[in-house]
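Raw run.txt, compact mmCIF, C-alpha atoms (C1' of nucleotides) and all ligand atoms:
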# COMPACT_ATOMS: atom_id res chain seq x y z
CA MET A 285 0.00 0.00 0.00
CA PRO A 286 1.40 3.40 -0.90
CA ARG A 287 2.67 5.23 2.10
CA GLY A 288 0.61 8.09 3.48
CA PHE A 289 -2.66 6.89 2.04
CA GLY A 290 -4.52 5.03 4.69
CA ARG A 291 -8.07 3.86 4.97
CA GLY A 292 -10.51 2.78 2.33
CA ASN A 293 -9.84 1.62 -1.21
CA TRP A 294 -10.28 5.05 -2.68
CA HIS A 295 -6.91 4.76 -4.32
CA GLY A 296 -7.99 1.73 -6.29
CA ARG A 297 -11.29 3.26 -7.20
CA PHE A 298 -9.58 6.33 -8.57
CA ARG A 299 -6.93 4.42 -10.44
CA GLY A 300 -9.61 2.21 -11.89
CA CYS A 301 -11.15 5.29 -13.48
CA GLY A 302 -7.77 6.45 -14.73
CA TYR A 303 -7.45 9.20 -12.11
CA ARG A 304 -4.49 9.81 -9.81
CA TRP A 305 -4.76 9.55 -6.08
CA THR A 306 -3.61 12.83 -4.56
CA ILE A 307 -3.35 14.53 -1.21
CA ALA A 308 -6.01 17.02 -2.24
CA ARG A 309 -8.50 14.34 -3.20
CA GLN A 310 -7.83 12.36 -0.08
CA SER A 311 -8.23 15.46 2.00
CA VAL A 312 -11.56 16.45 0.45
CA LEU A 313 -12.87 12.96 1.12
CA ASP A 314 -11.54 13.11 4.68
CA VAL A 315 -13.35 16.37 5.36
CA LEU A 316 -16.60 15.25 3.77
CA GLY A 317 -16.38 11.88 5.47
CA LYS A 318 -16.22 13.51 8.89
CA ALA A 319 -18.81 16.20 8.17
CA THR A 320 -22.19 16.15 9.84
CA ARG A 321 -23.54 19.02 7.76
CA HIS A 322 -23.81 19.91 4.11
CA LEU A 323 -20.59 21.74 3.29
CA SER A 324 -19.89 24.45 0.76
CA ALA A 325 -16.67 24.44 -1.23
CA GLU A 326 -15.36 27.16 1.03
CA ASP A 327 -16.35 25.25 4.17
CA ILE A 328 -14.24 22.40 2.90
CA TYR A 329 -11.43 24.77 2.03
CA MET A 330 -11.36 26.19 5.53
CA GLN A 331 -11.47 22.80 7.21
CA MET A 332 -8.74 21.50 4.99
CA HIS A 333 -6.59 24.56 5.43
CA LYS A 334 -5.85 23.54 9.01
CA VAL A 335 -4.37 20.25 7.87
CA ASN A 336 -3.24 20.86 4.30
CA PRO A 337 -2.65 24.58 3.89
CA GLY A 338 -1.21 24.03 0.45
CA VAL A 339 -4.44 22.98 -1.23
CA GLY A 340 -6.21 25.77 -3.08
CA LEU A 341 -9.90 26.47 -3.49
CA THR A 342 -9.69 25.84 -7.21
CA THR A 343 -8.55 22.30 -6.61
CA ILE A 344 -11.42 21.78 -4.22
CA TYR A 345 -13.90 22.83 -6.88
CA ARG A 346 -12.23 20.54 -9.39
CA THR A 347 -12.16 17.66 -6.95
CA LEU A 348 -15.78 18.09 -6.01
CA GLU A 349 -16.82 18.10 -9.64
CA LEU A 350 -14.94 14.85 -10.11
CA LEU A 351 -16.40 13.25 -6.99
CA VAL A 352 -19.91 14.18 -8.05
CA GLN A 353 -19.33 12.81 -11.51
CA MET A 354 -18.02 9.57 -9.96
CA GLY A 355 -21.16 9.32 -7.83
CA ILE A 356 -19.21 9.54 -4.57
CA VAL A 357 -20.53 12.94 -3.56
CA ILE A 358 -23.91 14.63 -3.89
CA LYS A 359 -24.17 18.28 -4.82
CA SER A 360 -27.24 20.19 -3.65
CA ASP A 361 -28.66 23.64 -4.11
CA PHE A 362 -30.57 24.94 -1.13
CA GLY A 363 -31.18 28.31 -2.71
CA GLU A 364 -28.38 30.22 -1.02
CA GLY A 365 -26.50 30.98 -4.20
CA ARG A 366 -23.81 28.44 -3.49
CA ALA A 367 -23.68 24.67 -3.81
CA ARG A 368 -23.36 22.31 -0.87
CA TYR A 369 -21.86 18.85 -0.81
CA GLU A 370 -22.17 15.64 1.17
CA MET A 371 -21.05 12.05 0.80
CA ALA A 372 -23.48 10.00 -1.28
CA GLU A 373 -22.90 7.01 0.93
CA GLY A 374 -22.95 7.45 4.68
CA PRO A 375 -21.28 5.13 7.20
CA LYS A 376 -24.38 2.94 7.07
CA GLY A 377 -24.25 2.37 3.35
CA LEU A 378 -26.28 3.88 0.59
CA ASN A 379 -28.14 6.84 1.72
CA HIS A 380 -30.71 8.18 -0.71
CA HIS A 381 -32.58 10.92 1.05
CA HIS A 382 -34.37 14.21 0.58
CA HIS A 383 -34.18 17.54 2.35
CA LEU A 384 -36.26 19.70 4.64
CA ILE A 385 -35.09 23.29 4.36
CA CYS A 386 -35.86 26.02 6.87
CA THR A 387 -36.56 29.26 5.06
CA GLY A 388 -35.96 31.10 8.33
CA CYS A 389 -32.43 30.09 9.28
CA GLY A 390 -31.30 27.92 6.40
CA LYS A 391 -31.09 24.75 8.48
CA VAL A 392 -31.28 21.59 6.39
CA ILE A 393 -32.58 18.28 7.67
CA ASP A 394 -31.94 15.01 5.87
CA TYR A 395 -34.85 12.66 5.98
CA THR A 396 -35.17 9.11 4.84
CA ASP A 397 -38.54 8.47 6.40
CA PHE A 398 -41.39 7.84 4.03
CA ILE A 399 -38.86 6.93 1.41
CA ASP A 400 -40.50 3.57 0.88
CA ASP A 401 -43.85 5.17 0.19
CA GLU A 402 -42.14 7.70 -1.94
CA VAL A 403 -40.25 5.17 -3.92
CA GLU A 404 -43.41 3.36 -4.77
CA LEU A 405 -45.21 6.52 -5.73
CA LEU A 406 -42.25 7.83 -7.63
CA GLN A 407 -42.09 4.67 -9.63
CA ARG A 408 -45.73 4.95 -10.51
CA THR A 409 -45.47 8.65 -11.31
CA GLU A 410 -42.36 8.17 -13.32
CA LYS A 411 -44.01 5.42 -15.25
CA GLY A 412 -47.04 7.58 -16.02
CA LEU A 413 -44.99 10.60 -16.98
CA SER A 414 -42.56 8.56 -19.03
CA LYS A 415 -45.42 7.21 -21.03
CA LYS A 416 -47.40 10.38 -21.46
CA TYR A 417 -44.49 12.63 -22.32
CA ASN A 418 -42.17 10.08 -23.84
CA PHE A 419 -39.62 10.98 -21.23
CA LYS A 420 -36.97 8.63 -19.86
CA ILE A 421 -36.77 9.67 -16.21
CA SER A 422 -33.52 8.90 -14.48
CA ASN A 423 -33.51 11.09 -11.41
CA HIS A 424 -35.64 13.26 -9.18
CA LEU A 425 -35.33 16.15 -6.78
CA ILE A 426 -37.66 16.55 -3.82
CA GLN A 427 -37.34 19.29 -1.25
CA PHE A 428 -39.72 20.58 1.38
CA TYR A 429 -39.52 24.17 2.54
CA GLY A 430 -40.83 25.60 5.76
CA LEU A 431 -39.91 26.72 9.25
CA CYS A 432 -37.91 24.67 11.72
CA GLN A 433 -38.87 24.31 15.35
CA VAL A 434 -36.82 27.32 16.38
CA CYS A 435 -37.93 29.66 13.59
CA LYS A 436 -41.54 28.55 13.90
CA ASN A 437 -41.73 29.95 17.45
CA LYS A 438 -40.75 33.52 16.69
CA MET B 229 -59.21 53.85 -15.94
CA PRO B 230 -55.78 55.40 -16.32
CA ARG B 231 -54.85 55.92 -19.93
CA GLY B 232 -52.36 53.57 -21.52
CA PHE B 233 -52.91 50.75 -19.07
CA GLY B 234 -55.26 48.24 -20.53
CA ARG B 235 -56.26 44.79 -19.46
CA GLY B 236 -56.54 43.26 -16.06
CA ASN B 237 -56.70 44.97 -12.69
CA TRP B 238 -52.98 44.87 -12.13
CA HIS B 239 -52.97 48.57 -11.42
CA GLY B 240 -55.29 48.11 -8.49
CA ARG B 241 -53.41 45.13 -7.22
CA PHE B 242 -50.16 47.06 -7.24
CA ARG B 243 -51.60 50.16 -5.67
CA GLY B 244 -53.20 48.01 -3.03
CA CYS B 245 -49.75 46.87 -2.00
CA GLY B 246 -48.42 50.42 -2.07
CA TYR B 247 -46.54 49.96 -5.31
CA ARG B 248 -46.70 52.17 -8.38
CA TRP B 249 -47.95 50.94 -11.71
CA THR B 250 -45.29 51.56 -14.33
CA ILE B 251 -44.59 50.85 -17.98
CA ALA B 252 -41.80 48.49 -17.02
CA ARG B 253 -43.98 46.43 -14.72
CA GLN B 254 -46.79 46.30 -17.24
CA SER B 255 -44.36 45.27 -19.91
CA VAL B 256 -42.82 42.44 -17.88
CA LEU B 257 -46.30 41.11 -17.18
CA ASP B 258 -47.20 41.44 -20.87
CA VAL B 259 -44.18 39.43 -21.93
CA LEU B 260 -44.66 36.74 -19.28
CA GLY B 261 -48.39 36.61 -19.99
CA LYS B 262 -47.77 35.79 -23.62
CA ALA B 263 -44.87 33.41 -23.03
CA THR B 264 -45.23 29.72 -23.67
CA ARG B 265 -41.85 28.87 -22.17
CA HIS B 266 -39.95 29.57 -18.97
CA LEU B 267 -38.13 32.83 -19.58
CA SER B 268 -34.85 34.09 -18.17
CA ALA B 269 -34.47 37.72 -17.17
CA GLU B 270 -32.52 38.29 -20.35
CA ASP B 271 -35.19 36.58 -22.47
CA ILE B 272 -37.67 39.04 -21.06
CA TYR B 273 -35.28 41.90 -21.64
CA MET B 274 -34.87 40.98 -25.30
CA GLN B 275 -38.58 40.54 -25.88
CA MET B 276 -39.35 43.79 -24.19
CA HIS B 277 -36.63 45.65 -26.00
CA LYS B 278 -38.62 45.45 -29.23
CA VAL B 279 -41.55 47.30 -27.66
CA ASN B 280 -40.02 49.30 -24.82
CA PRO B 281 -36.36 49.86 -25.63
CA GLY B 282 -36.01 52.18 -22.69
CA VAL B 283 -36.40 49.55 -19.97
CA GLY B 284 -33.13 48.24 -18.59
CA LEU B 285 -32.19 44.77 -17.43
CA THR B 286 -31.78 45.98 -13.87
CA THR B 287 -35.40 47.04 -13.76
CA ILE B 288 -36.44 43.66 -15.06
CA TYR B 289 -34.60 41.95 -12.23
CA ARG B 290 -36.18 44.29 -9.72
CA THR B 291 -39.62 43.80 -11.21
CA LEU B 292 -39.29 40.03 -11.25
CA GLU B 293 -38.25 40.01 -7.63
CA LEU B 294 -41.32 42.04 -6.78
CA LEU B 295 -43.64 39.86 -8.83
CA VAL B 296 -42.29 36.71 -7.20
CA GLN B 297 -42.69 38.24 -3.77
CA MET B 298 -46.29 39.19 -4.63
CA GLY B 299 -46.96 35.62 -5.73
CA ILE B 300 -47.74 36.61 -9.30
CA VAL B 301 -44.69 34.98 -10.82
CA ILE B 302 -42.83 31.76 -10.11
CA LYS B 303 -39.06 31.63 -10.19
CA SER B 304 -37.42 28.31 -10.99
CA ASP B 305 -33.92 26.95 -11.15
CA PHE B 306 -33.41 24.28 -13.75
CA GLY B 307 -29.71 24.00 -13.06
CA GLU B 308 -28.45 26.19 -15.88
CA GLY B 309 -26.94 28.82 -13.64
CA ARG B 310 -29.70 31.32 -14.32
CA ALA B 311 -33.23 31.64 -13.02
CA ARG B 312 -36.31 31.25 -15.16
CA TYR B 313 -39.71 32.77 -14.64
CA GLU B 314 -43.32 32.05 -15.51
CA MET B 315 -46.73 33.34 -14.47
CA ALA B 316 -48.03 31.62 -11.35
CA GLU B 317 -51.53 31.66 -12.73
CA GLY B 318 -52.13 30.59 -16.31
CA PRO B 319 -55.14 31.58 -18.44
CA LYS B 320 -57.06 28.71 -16.89
CA GLY B 321 -56.61 29.82 -13.32
CA LEU B 322 -54.28 28.55 -10.66
CA ASN B 323 -51.65 26.40 -12.05
CA HIS B 324 -49.60 24.51 -9.47
CA HIS B 325 -47.37 22.16 -11.37
CA HIS B 326 -44.02 20.42 -11.38
CA HIS B 327 -41.32 20.10 -13.99
CA LEU B 328 -39.79 17.44 -16.17
CA ILE B 329 -36.31 18.55 -17.20
CA CYS B 330 -34.35 17.07 -20.08
CA THR B 331 -30.69 16.76 -19.15
CA GLY B 332 -29.87 16.42 -22.82
CA CYS B 333 -31.25 19.62 -24.33
CA GLY B 334 -32.60 21.54 -21.36
CA LYS B 335 -36.22 21.28 -22.45
CA VAL B 336 -38.67 21.73 -19.60
CA ILE B 337 -42.15 20.24 -19.53
CA ASP B 338 -44.82 21.41 -17.11
CA TYR B 339 -46.99 18.70 -15.80
CA THR B 340 -50.14 19.03 -13.80
CA ASP B 341 -51.30 15.52 -14.26
CA PHE B 342 -50.94 14.75 -10.63
CA ILE B 343 -51.93 11.33 -10.01
CA ASP B 344 -54.25 11.48 -7.05
CA ASP B 345 -51.77 9.29 -5.29
CA GLU B 346 -49.16 11.96 -5.62
CA VAL B 347 -51.24 14.55 -3.86
CA GLU B 348 -52.13 12.10 -1.17
CA LEU B 349 -48.55 11.02 -0.66
CA LEU B 350 -47.37 14.59 -0.45
CA GLN B 351 -49.95 15.35 2.18
CA ARG B 352 -49.07 12.27 4.15
CA THR B 353 -45.37 12.98 3.88
CA GLU B 354 -45.75 16.58 4.87
CA LYS B 355 -47.84 15.60 7.83
CA GLY B 356 -45.36 12.97 8.96
CA LEU B 357 -42.36 15.20 8.49
CA SER B 358 -44.02 18.12 10.23
CA LYS B 359 -44.65 15.95 13.22
CA LYS B 360 -41.36 14.13 13.40
CA TYR B 361 -39.12 17.11 12.83
CA ASN B 362 -41.37 19.80 14.27
CA PHE B 363 -41.26 21.52 10.95
CA LYS B 364 -43.99 23.77 9.56
CA ILE B 365 -43.94 22.86 5.88
CA SER B 366 -45.23 25.51 3.54
CA ASN B 367 -43.92 24.55 0.16
CA HIS B 368 -42.30 21.83 -1.88
CA LEU B 369 -40.15 21.42 -4.92
CA ILE B 370 -40.40 18.38 -7.15
CA GLN B 371 -38.49 17.96 -10.36
CA PHE B 372 -37.86 14.95 -12.54
CA TYR B 373 -34.73 14.72 -14.65
CA GLY B 374 -34.20 12.58 -17.69
CA LEU B 375 -34.18 12.53 -21.45
CA CYS B 376 -36.92 13.90 -23.68
CA GLN B 377 -38.23 12.04 -26.67
CA VAL B 378 -35.72 13.65 -29.00
CA CYS B 379 -32.66 13.22 -26.81
CA LYS B 380 -33.64 9.69 -25.86
CA ASN B 381 -33.30 8.57 -29.49
CA LYS B 382 -29.71 9.60 -30.08
C1' DA C 99 -49.37 72.48 -11.81
C1' DT C 100 -46.48 71.06 -8.14
C1' DA C 101 -44.32 68.43 -4.44
C1' DT C 102 -43.05 64.04 -2.92
C1' DT C 103 -40.59 60.06 -3.34
C1' DA C 104 -40.81 55.39 -5.50
C1' DA C 105 -38.92 53.63 -9.57
C1' DT C 106 -35.49 53.66 -12.92
C1' DG C 107 -31.02 53.36 -15.93
C1' DA C 108 -26.19 53.11 -16.26
C1' DA C 109 -22.23 51.84 -14.38
C1' DA C 110 -19.82 49.61 -10.92
C1' DA C 111 -19.66 46.01 -7.56
C1' DT C 112 -20.37 41.32 -5.94
C1' DC C 113 -19.35 36.72 -5.60
C1' DA C 114 -19.46 31.81 -6.63
C1' DT C 115 -17.45 29.31 -10.02
C1' DT C 116 -14.48 28.53 -14.18
C1' DT C 117 -10.55 29.19 -17.13
C1' DT C 118 -5.71 29.94 -18.17
C1' DC C 119 -1.13 28.74 -17.89
C1' DA C 120 3.15 27.83 -15.88
C1' DT C 121 4.71 24.56 -12.26
C1' DT C 122 4.49 20.31 -9.52
C1' DA C 123 4.03 15.70 -8.37
C1' DA C 124 1.76 10.86 -9.22
C1' DT C 125 2.68 7.04 -11.87
C1' DA C 126 4.90 3.87 -15.03
C1' DT C 127 9.02 2.19 -16.64
C1' DG C 128 13.88 0.77 -16.82
C1' DC D 35 16.26 4.33 -7.26
C1' DA D 36 16.27 7.59 -11.42
C1' DT D 37 13.75 9.36 -15.09
C1' DA D 38 10.06 10.47 -18.47
C1' DT D 39 5.32 11.40 -19.03
C1' DT D 40 1.49 14.01 -18.23
C1' DA D 41 -2.44 14.56 -15.00
C1' DA D 42 -3.14 17.55 -11.27
C1' DT D 43 -2.39 21.79 -9.09
C1' DG D 44 -2.07 26.92 -7.47
C1' DA D 45 -2.39 31.65 -8.43
C1' DA D 46 -4.29 34.99 -10.90
C1' DA D 47 -7.48 36.42 -14.15
C1' DA D 48 -11.90 35.81 -16.35
C1' DT D 49 -16.76 34.85 -16.32
C1' DG D 50 -21.48 35.84 -15.85
C1' DA D 51 -25.70 36.26 -13.43
C1' DT D 52 -27.37 39.15 -10.15
C1' DT D 53 -27.13 43.18 -6.90
C1' DT D 54 -25.85 47.71 -5.40
C1' DT D 55 -25.05 52.64 -5.90
C1' DC D 56 -26.46 57.02 -7.06
C1' DA D 57 -28.10 60.62 -9.80
C1' DT D 58 -32.30 61.26 -12.66
C1' DT D 59 -37.12 60.44 -13.97
C1' DA D 60 -41.87 59.83 -13.59
C1' DA D 61 -46.19 58.02 -10.87
C1' DT D 62 -49.14 59.72 -7.54
C1' DA D 63 -51.46 62.77 -4.25
C1' DT D 64 -52.57 67.39 -3.38
MN MN E 1 -28.42 15.64 2.69
MN MN E 2 -43.48 25.63 -15.27
ZN ZN E 3 -34.97 27.69 11.09
ZN ZN E 4 -33.95 16.79 -24.67
Reformat the file's structure so that it appears as structure tokens.
Ligand SMILES: [Mn+2]
Ligand SMILES: [Mn+2]
Ligand SMILES: [Zn+2]
Ligand SMILES: [Zn+2]
Amino acid sequence: MPRGFGRGNWHGRFRGCGYRWTIARQSVLDVLGKATRHLSAEDIYMQMHKVNPGVGLTTIYRTLELLVQMGIVIKSDFGEGRARYEMAEGPKGLNHHHHLICTGCGKVIDYTDFIDDEVELLQRTEKGLSKKYNFKISNHLIQFYGLCQVCKNK
Amino acid sequence: MPRGFGRGNWHGRFRGCGYRWTIARQSVLDVLGKATRHLSAEDIYMQMHKVNPGVGLTTIYRTLELLVQMGIVIKSDFGEGRARYEMAEGPKGLNHHHHLICTGCGKVIDYTDFIDDEVELLQRTEKGLSKKYNFKISNHLIQFYGLCQVCKNK
DNA sequence: ATATTAATGAAAATCATTTTCATTAATATG
DNA sequence: CATATTAATGAAAATGATTTTCATTAATAT
């Protein structure tokens, strides 16, 4: 195993796609892997700066684009004018979920509840829409907006 | 009725909110009212330029912001890096709908064919989420991504 | 007709993201 | 290990949609 590159088989995964395994890429994955929130590129930059001050913001953008394209990271738009990122697969495995967004304070809650119901409905809806509009649906975006507990009581 | 301002009771609606009724605002509503697609601010600017060359892009942005805030216009993000706008209420009355977005060519299809199940599921989900996360849900965003008929056959 | 001030246009600013280009470092090979 | 290849990187500049600034204009009330 190459020195300095520890856990996971990220190295192999990257090499398998023809990409090099670099400090910057490892570091972005480290930061996202430890994150409990949805991070912006700059959030990641600041976290990383403590450990790897040499890595620039540009590289972070490039790395994130790559990770999204590889399906390792999910990019979301919560309407703040900047993208946010999170690992596609949490510690407990695949992690398809949707978001509850507080329009008061910007807080974002992941939810996986009701996903089963949703999946069934989505399949039916997708089937109907595919047929009616001759559309091959491959993905969906579902977000709920409202006020969180804190903002509600103001 | 004030001269030069024809159809609708927009004037009253604006005055009722303490806003003035201007050529620019009328013109934005004219363009959006006639549109059959989702228009960007610049689309509107170009359309309007033929009729009212004096109105600037800045004013269009300001007007759109106002119209969205008044609930007259809906602002959407289809992932192109620019917002698109459409009337909230079509000629046939209220017009809540979702979008099918082609990732191949960018085409956007409105669909209102909510399967009853979809409405029911949304209500159930909103209810469940509200309870579990103490969230007051007021809105939702649902978009399907895929390939349109044309792009599918390539 | 006039006063008030909201609305506007033009230009500059903002700001997240992307592009450019010279340099660095990951990898393959001997 | 040394070296060649070239993907990856950092810094600085560019991009582009949207917003802000500020002096001017025009909608409204009187
Ligand atoms: Mn999430
Ligand atoms: Mn629409
Ligand atoms: Zn909140
Ligand atoms: Zn298409």
Tell me which protein, DNA and RNA residues are within 9 Å of region 49-54 of chain D, counting all atoms listed in the file, leaving out same-chain ones fewer than 3 positions away, and put them as JSON, numbers by chain. {"B": [286, 289, 309, 310, 311], "C": [110, 111, 112, 115, 116, 117]}
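Any residue of chain D with an atom no more than 10 Å from chain A counts as a contact; using all atoms listed in the file, that gives D:DA41, D:DA42, D:DT43, D:DG44, D:DA45.
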Taking only C-alpha atoms (C1' of nucleotides) and all ligand atoms into account, which residues have an atom no farther than 12 Å from ligand MN 2 (chain E)? I'd like them as a CSV table (one decimal) with C-alpha atoms, in the frame of the given file.
chain,number,residue,atom,x,y,z
B,260,LEU,CA,-44.7,36.7,-19.3
B,263,ALA,CA,-44.9,33.4,-23.0
B,264,THR,CA,-45.2,29.7,-23.7
B,265,ARG,CA,-41.8,28.9,-22.2
B,266,HIS,CA,-40.0,29.6,-19.0
B,267,LEU,CA,-38.1,32.8,-19.6
B,301,VAL,CA,-44.7,35.0,-10.8
B,302,ILE,CA,-42.8,31.8,-10.1
B,303,LYS,CA,-39.1,31.6,-10.2
B,304,SER,CA,-37.4,28.3,-11.0
B,305,ASP,CA,-33.9,27.0,-11.2
B,306,PHE,CA,-33.4,24.3,-13.8
B,312,ARG,CA,-36.3,31.2,-15.2
B,313,TYR,CA,-39.7,32.8,-14.6
B,314,GLU,CA,-43.3,32.0,-15.5
B,315,MET,CA,-46.7,33.3,-14.5
B,316,ALA,CA,-48.0,31.6,-11.4
B,317,GLU,CA,-51.5,31.7,-12.7
B,318,GLY,CA,-52.1,30.6,-16.3
B,323,ASN,CA,-51.6,26.4,-12.0
B,324,HIS,CA,-49.6,24.5,-9.5
B,325,HIS,CA,-47.4,22.2,-11.4
B,326,HIS,CA,-44.0,20.4,-11.4
B,327,HIS,CA,-41.3,20.1,-14.0
B,328,LEU,CA,-39.8,17.4,-16.2
B,329,ILE,CA,-36.3,18.6,-17.2
B,335,LYS,CA,-36.2,21.3,-22.4
B,336,VAL,CA,-38.7,21.7,-19.6
B,337,ILE,CA,-42.2,20.2,-19.5
B,338,ASP,CA,-44.8,21.4,-17.1
B,339,TYR,CA,-47.0,18.7,-15.8
B,340,THR,CA,-50.1,19.0,-13.8
B,369,LEU,CA,-40.2,21.4,-4.9
B,370,ILE,CA,-40.4,18.4,-7.2
B,371,GLN,CA,-38.5,18.0,-10.4
Taking all atoms listed in the file into account, find every residue of chain C that has an atom no more than 12 Å from chain B, and write it out as a short mmCIF file (atom, residue, chain, number, x, y, z; two decimals) with C-alpha atoms (C1' of nucleotides), keeping the file's coordinate frame.
data_model
loop_
_atom_site.label_atom_id
_atom_site.label_comp_id
_atom_site.auth_asym_id
_atom_site.auth_seq_id
_atom_site.Cartn_x
_atom_site.Cartn_y
_atom_site.Cartn_z
"C1'" DT C 103 -40.59 60.06 -3.34
"C1'" DA C 104 -40.81 55.39 -5.50
"C1'" DA C 105 -38.92 53.63 -9.57
"C1'" DT C 106 -35.49 53.66 -12.92
"C1'" DG C 107 -31.02 53.36 -15.93
"C1'" DA C 108 -26.19 53.11 -16.26
"C1'" DA C 109 -22.23 51.84 -14.38
"C1'" DA C 114 -19.46 31.81 -6.63
"C1'" DT C 115 -17.45 29.31 -10.02
#
Name each residue within 12 Å of ligand ZN 3 (chain E), counting only C-alpha atoms (C1' of nucleotides) and all ligand atoms, as JSON, numbers by chain. {"A": [384, 385, 386, 387, 388, 389, 390, 391, 392, 393, 429, 430, 431, 432, 433, 434, 435, 436, 437, 438], "B": [361, 362, 363, 364, 365]}
What separation in Å, quoted to one decimal, exists between C1' of DT100 (chain C) and C1' of DA63 (chain D)? 10.4 Å
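The interatomic distance for the pair CA of Gly244 (chain B) and CA of Gly299 (chain B) works out to 14.1 Å.
With all atoms listed in the file as the basis for measurement, A:Glu402 is the residue among A:Glu402, A:Ile356, A:Lys411, A:Tyr329 that approaches chain B most closely.
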Between CA of Ala325 (chain A) and CA of Ile344 (chain A), what distance in Å does the model show, to one decimal? 6.6 Å
Please list as a PyMOL selection string every residue within 10 Å of Met298 (chain B), counting only C-alpha atoms (C1' of nucleotides) and excluding residues in the same chain fewer than 4 positions away. chain B and resi 241-242+245+292-294+302
Centre and size of axis-aligned box enclosing region 290-306 of chain B plus 8 Å each side, as AutoDock Vina command-line options:
--center_x -40.6 --center_y 34.3 --center_z -8.8 --size_x 30.3 --size_y 36.0 --size_z 26.0
Can you rebuild region 345-357 of chain A with N, CA, C and O atoms and give it as a short mmCIF file (atom, residue, chain, number, x, y, z; two decimals), in the coordinates of the input?
data_model
loop_
_atom_site.label_atom_id
_atom_site.label_comp_id
_atom_site.auth_asym_id
_atom_site.auth_seq_id
_atom_site.Cartn_x
_atom_site.Cartn_y
_atom_site.Cartn_z
N TYR A 345 -12.81 22.82 -5.90
CA TYR A 345 -13.90 22.83 -6.88
C TYR A 345 -13.71 21.70 -7.90
O TYR A 345 -14.63 20.97 -8.23
N ARG A 346 -12.47 21.57 -8.38
CA ARG A 346 -12.23 20.54 -9.39
C ARG A 346 -12.44 19.15 -8.81
O ARG A 346 -13.03 18.26 -9.44
N THR A 347 -11.99 18.96 -7.58
CA THR A 347 -12.16 17.66 -6.95
C THR A 347 -13.62 17.33 -6.72
O THR A 347 -14.08 16.21 -6.98
N LEU A 348 -14.37 18.31 -6.26
CA LEU A 348 -15.78 18.09 -6.01
C LEU A 348 -16.51 17.72 -7.30
O LEU A 348 -17.34 16.80 -7.31
N GLU A 349 -16.19 18.41 -8.35
CA GLU A 349 -16.82 18.10 -9.64
C GLU A 349 -16.56 16.63 -10.00
O GLU A 349 -17.45 15.90 -10.42
N LEU A 350 -15.31 16.22 -9.80
CA LEU A 350 -14.94 14.85 -10.11
C LEU A 350 -15.70 13.85 -9.22
O LEU A 350 -16.24 12.85 -9.70
N LEU A 351 -15.74 14.16 -7.93
CA LEU A 351 -16.40 13.25 -6.99
C LEU A 351 -17.89 13.13 -7.30
O LEU A 351 -18.48 12.04 -7.18
N VAL A 352 -18.50 14.22 -7.68
CA VAL A 352 -19.91 14.18 -8.05
C VAL A 352 -20.09 13.32 -9.29
O VAL A 352 -20.96 12.45 -9.34
N GLN A 353 -19.23 13.56 -10.25
CA GLN A 353 -19.33 12.81 -11.51
C GLN A 353 -19.10 11.31 -11.27
O GLN A 353 -19.69 10.48 -11.96
N MET A 354 -18.27 10.98 -10.27
CA MET A 354 -18.02 9.57 -9.96
C MET A 354 -19.13 8.97 -9.10
O MET A 354 -19.12 7.78 -8.81
N GLY A 355 -20.06 9.82 -8.65
CA GLY A 355 -21.16 9.32 -7.83
C GLY A 355 -20.81 9.15 -6.36
O GLY A 355 -21.57 8.57 -5.59
N ILE A 356 -19.66 9.68 -5.96
CA ILE A 356 -19.21 9.54 -4.57
C ILE A 356 -19.80 10.64 -3.69
O ILE A 356 -20.03 10.45 -2.50
N VAL A 357 -20.05 11.78 -4.31
CA VAL A 357 -20.53 12.94 -3.56
C VAL A 357 -21.80 13.47 -4.22
O VAL A 357 -21.97 13.36 -5.44
#
